[in-house]
Each structure stands twice: as C-alpha cells, then as structure tokens.
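First the structure, in the form of structure tokens, and then the observations on it.
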Amino acid sequence: LLLTVCAIGIGGTFQYGYNVSIINAPTQHIHKFLNETWSSRYQKELNSDLLTFLWSVIASIFSLGGLCGALIGGSMAIRLGRKGALLMNNLIAILASISMGISFPTGLFELLIAGRFLIGINSGVGLCVQPLYIGEFAPKHLRGGLAMGTSIFLTGGILTGQIIGLRELLGGEKHWPLLLSSSCIPALAQLLFLPWFPESPRYLLIDRGDELSCLKALKRFHGSSEYRREMEDIQRECFALDGEKPKKPWQLFTDRGVRWQLITVIVMTIGQQLSGINAIYFYAIYVFEQAGILAEKIPYVTLGTGVCECLTALSCVRSNYVGRRCLIIGGYLLMTLWCTVLTFSLTYQELYSWMPYLSMACVFAFILSFGLGPGGITNTLTAELFVQSSRPAAYMIAGTVSWISFFTVGMLFPFIVNGLKQYCFVVFLLECFFVAAFIFLIIPETKNKSFLEIKKEFHKLNFGRNA
C-alpha cells in the first residue's frame, strides 16, 4: 500500500507542487530571455508593458492548463482506468519538459508558454486522479492516512522545487532551462514504477465487471488473509449501484441524492483557495525583512515554510485518528486565530521591536494550521463523500472549482493587498471562520465508515428528516 502511494504520488500531486514552486526562481532570467529574443527577432526593445504581459501569460497559463486537466481527468480515469490515466498523463509532462527545455536554445519563448500550459494539464489530471485512485484502494481504517499521500507529495514537490531553484543549484542564469524541464524526471520515475502495481479494485469490479482481476488486486493490496472484508464492502457497493454507469459532472447538479455532498465539496474547495495562504506567502518576504534577515538569506529562510508544510502533512498521517471533521474544523479555526494576530502584529510592526518576530511566528503557525486542515483533508473528503458512479465527476467539479478559484485569487489578490494592506487578513479570517462553521453544521465524521455508510449519513440532509 505504501509503495503504491509513492508510485502514484511521484508523478501526481508532486508535479503540481514542484511546478508551482520552480517558476519563482528564474523570474529575472526569463525576463532577460524575453528581452533578448524580442530584440533579435524584431530589432527593437521589448517595452515594459508587453514584457509584463508576456510574463503574466507564462505564469498564469499554468492555471488554464490545470483547468483543462481537471475537465478531462475524470473522463480519462473512467476510460483508461485510474492507473492508465496517470501513466498516459506522464506523456504530457515529458512533452511539456521538452518544450520548455528547448525554448532557450531555439529562441522561441512561445515554446515556454506551450510547455507551461501542458504541464498545467498534467497537474490538473494528477490532482484529479491521484486522490481518486488512493481513496478507492485504501482500506477503511487506513484511508485517511494513505490519502494524506496526496498532500505529502504536493508539499514535498513545493519544497523540492524551492531547493532545486536555489541559485547554487539550477536557479542560476545558465541552468534555468534545465530547471523548468526537470519535471520530466518525476514523470519518467512514475512510468518506471507504477506499471508494477495493480489497478483500483473498485474500478475493476464496479466499472469493468472483472471480479478475478479485482480479487488479485485486493490480495496484493491487503494480503491474502485480509482481502475478503474489503471484497465484501466493494460487492455491497456494486449491488447498491445496480449497474449504474459513471455519471457526467452536469448530472450531479441535478441529482438530489448528492446535493449536499456537492455543496460541501464546492465550499471546501473554494475555502481552501481563499483561506489566505497566498497572502501569507506574499507577506512572508516582507515579514522576514522586518525581522532583520538579509535579502540574500531570505530564499533560505523561505525554505522553512516548505519544511513546515511537509512536516504538517506527515504529522497528519499519525493524527488522523482524531477524525477528518475535527482536523479540518481545528485547522480553519487556528487559521482564523493567526489571521487575527497577524493583522495586529503587522499594524503595530514599527512600534515594538519584538513585533516582527511575532509576525514571523504567525506565518509559520498559519502554514502549519493550513496543512493540518484544509491542505490535507479536503481531497480525502472528496473521495469519501461519493460512491463509485459519482466519484470521478465529483473530482472533475472539485478540480474545476479549485483551478478557477486559483486563477481568480491570482488575478484579484494584488488589488486586495494593495487596497487593504495588512487588513486583507480580516477578509481571510472571516472566510476561514464561516467555512469552519459550515463544516461543523453539515459534514458528519467519515472516519472508518464505508462509502455507503457515508451516503446514508447525507440521506436526511438531501431528502429531509422524514426520508
């Protein structure tokens, strides 16, 4: 089970975290490349507005690719299987790496844009299919811990990108094309290792009707003495679905039986993106400067934020015994607290010498709280709230909402920060509080429950108390 999670994660959410992270290091070098390419091609200087526009396209086209990946990820998982979809997805990553790698020697910045778009598609598919795959083969009592592999590899990708992007490694002027094309390495690793592991047993039995292959997969995942209980659970779900075909995303919006599950996933996904984590990263550099850290040392201190996320994701594997509901509510409430403290500390930053250190502590505490709740549990709950026929479509909807929110935050965030300054955290603390209240009132505990048991928990909400 653990080896399968690793084989899935290295080419799944690791790619997302890695490619979000590495684009920051070579910003100045890409600007120089754009200027030189434009001058040699058109014999005139690239004006600053057009330079800003081209850079914005390179940075934001990743989100558009991710949205496209989310829209096709569920269909790929249905047609090719969970494992087949991830294996095919690596071909997109390799093509993206080649495009970004040869953009500099060929002098074609258009290849850089195309490569970022393709790696965005790869990340969108990975974010959709990886938690879907893990959620389906994990046994009930280990589902929470194994599903945290999604978060662990995402945060591991961010941290790895921060390290590889240091100027002493691949973040220097000579090596930045290698940095951007290095995403082919995780893709090749997954192509090498993932074929040795079984397909999702639930997909094999419920979607394909292949009982023999399902039994073989369960024996490999759960052992020859423990697989029967899981097989009975899958058979019960298969019987309850009664041959129901996988649903399309638009069908979920008209299905009363999943109304509140769908609302829950949408609220949690938007809440995760609008929680203020982007504002924290934006203010981190300012907070570190105010604390007296030299500018050239800040990239190394920023690594601490990546380490925080990784440690939190790892600790959530052990702390899942308290339940998903407790973790995610606690995470949002703690983020509300740190937003409040950080607003005060940034407001009175100049008055007291110890305030910058309080702000720095709040930055790390917020990141830890985000990893504890929204960062780690959201994808796990998406897998648990839906039965087999609705799950791929639910991940397509969740992925679409996530990427649209991600893009919207990227577009509006600079205006929010410029307009409200440190008081932008008041907006985020209110959002965190209301999401925590929604989860407290709506979402039942899902720990150690089968997908059919969780569906029954939502039955009263969807059809009324007398249903």
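Scheme for the structure tokens: letters A, B, ... for chains in order shown; per-chain residue numbers from 1; ligand numbers from 1 in order shown.
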Stretch 258-261 of chain A environment, 7 Å, only C-alpha atoms, sequence neighbours closer than 6 positions dropped, as a ChimeraX atom specification: /A:252,385,461-462
- request: Mind checking which residues fall within 7 Å of stretch 236-247 of chain A, counting only C-alpha atoms, ignoring those fewer than 5 positions away in the same chain, and posting them as JSON, numbers by chain?
  value: {"A": [206, 389, 390, 393, 452]}
field: For A:Leu50: contacts at 12 Å, only C-alpha atoms, fewer than 4 positions along chain excluded, given as JSON, numbers by chain
entry: {"A": [31, 34, 35, 38, 45, 46, 54, 55, 56, 57]}
Dump as a short mmCIF file (atom, residue, chain, number, x, y, z; two decimals), in the first residue's frame, selection limited to N, CA, C and O atoms:
```cif
data_model
loop_
_atom_site.label_atom_id
_atom_site.label_comp_id
_atom_site.auth_asym_id
_atom_site.auth_seq_id
_atom_site.Cartn_x
_atom_site.Cartn_y
_atom_site.Cartn_z
N HIS A 31 12.82 37.03 -17.82
CA HIS A 31 12.67 38.41 -18.31
C HIS A 31 13.79 38.76 -19.29
O HIS A 31 13.54 39.35 -20.36
N LEU A 34 13.28 36.92 -22.60
CA LEU A 34 12.22 37.54 -23.39
C LEU A 34 12.73 38.81 -24.09
O LEU A 34 12.46 39.04 -25.28
N ASN A 35 13.49 39.62 -23.36
CA ASN A 35 14.05 40.85 -23.94
C ASN A 35 15.00 40.56 -25.10
O ASN A 35 14.92 41.16 -26.17
N TRP A 38 13.12 39.02 -28.17
CA TRP A 38 12.35 40.04 -28.87
C TRP A 38 13.26 40.97 -29.69
O TRP A 38 12.94 41.31 -30.83
N GLU A 45 13.56 47.08 -28.88
CA GLU A 45 13.44 46.70 -27.48
C GLU A 45 12.00 46.32 -27.14
O GLU A 45 11.04 46.84 -27.71
N LEU A 46 11.89 45.39 -26.20
CA LEU A 46 10.57 44.97 -25.70
C LEU A 46 10.13 45.97 -24.63
O LEU A 46 10.83 46.15 -23.62
N LEU A 54 3.73 39.32 -21.21
CA LEU A 54 4.27 38.01 -21.59
C LEU A 54 4.60 37.19 -20.35
O LEU A 54 4.34 35.98 -20.31
N TRP A 55 5.17 37.84 -19.34
CA TRP A 55 5.49 37.13 -18.11
C TRP A 55 4.21 36.65 -17.41
O TRP A 55 4.15 35.53 -16.90
N SER A 56 3.18 37.49 -17.42
CA SER A 56 1.91 37.10 -16.81
C SER A 56 1.31 35.89 -17.52
O SER A 56 0.75 34.99 -16.88
N VAL A 57 1.45 35.87 -18.86
CA VAL A 57 0.94 34.73 -19.63
C VAL A 57 1.69 33.46 -19.25
O VAL A 57 1.09 32.40 -19.02
#
```
message: Could you list, as an MDAnalysis selection string, every residue within 7 Å of A:Ser151, counting only C-alpha atoms and ignoring same-chain residues fewer than 4 positions away?
response: chainID A and resid 155 313 375:376
field: Nearest residue to A:Phe109 from the set A:Leu51, A:Cys308, A:Ile270, A:Cys184 (distances using only C-alpha atoms)
entry: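 Closest to A:Phe109, using only C-alpha atoms: A:Leu51.
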Do you have, as JSON lines, the list of residues of stretch 343-428 of chain A lying at most 7 Å from stretch 126-139 of chain A, each with its nearest atom pair and that distance in Å to one decimal, counting only C-alpha atoms and ordered by chain then number?
```
{"residue": "A:Asn379", "atom": "CA", "partner": "A:Pro131", "partner_atom": "CA", "distance": 6.4}
{"residue": "A:Thr380", "atom": "CA", "partner": "A:Pro131", "partner_atom": "CA", "distance": 6.9}
{"residue": "A:Ala383", "atom": "CA", "partner": "A:Gly135", "partner_atom": "CA", "distance": 5.7}
{"residue": "A:Tyr395", "atom": "CA", "partner": "A:Cys128", "partner_atom": "CA", "distance": 5.6}
{"residue": "A:Met396", "atom": "CA", "partner": "A:Cys128", "partner_atom": "CA", "distance": 6.6}
{"residue": "A:Gly399", "atom": "CA", "partner": "A:Cys128", "partner_atom": "CA", "distance": 6.3}
```
Include N, CA and C atoms and write out the residues we just selected as a short mmCIF file (atom, residue, chain, number, x, y, z; two decimals), in the first residue's frame.
```cif
data_model
loop_
_atom_site.label_atom_id
_atom_site.label_comp_id
_atom_site.auth_asym_id
_atom_site.auth_seq_id
_atom_site.Cartn_x
_atom_site.Cartn_y
_atom_site.Cartn_z
N ASN A 379 -9.04 16.92 -0.09
CA ASN A 379 -9.05 15.89 -1.13
C ASN A 379 -9.53 14.54 -0.59
N THR A 380 -9.19 14.24 0.66
CA THR A 380 -9.63 12.98 1.27
C THR A 380 -11.15 12.93 1.36
N ALA A 383 -13.11 12.18 -1.87
CA ALA A 383 -13.18 10.76 -2.22
C ALA A 383 -14.22 10.04 -1.38
N TYR A 395 -14.73 14.72 -8.65
CA TYR A 395 -13.36 15.23 -8.72
C TYR A 395 -13.18 16.20 -9.88
N MET A 396 -13.89 15.99 -10.98
CA MET A 396 -13.83 16.94 -12.09
C MET A 396 -14.40 18.29 -11.67
N GLY A 399 -12.00 19.86 -9.07
CA GLY A 399 -10.81 20.36 -9.74
C GLY A 399 -11.08 21.64 -10.53
#
```
- prompt: A:Gln235, A:Asn448, A:Thr269, A:Ser99: which is nearest A:Ser181, counting only C-alpha atoms?
  reply: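 For A:Ser181, the nearest of the given residues is A:Ser99.
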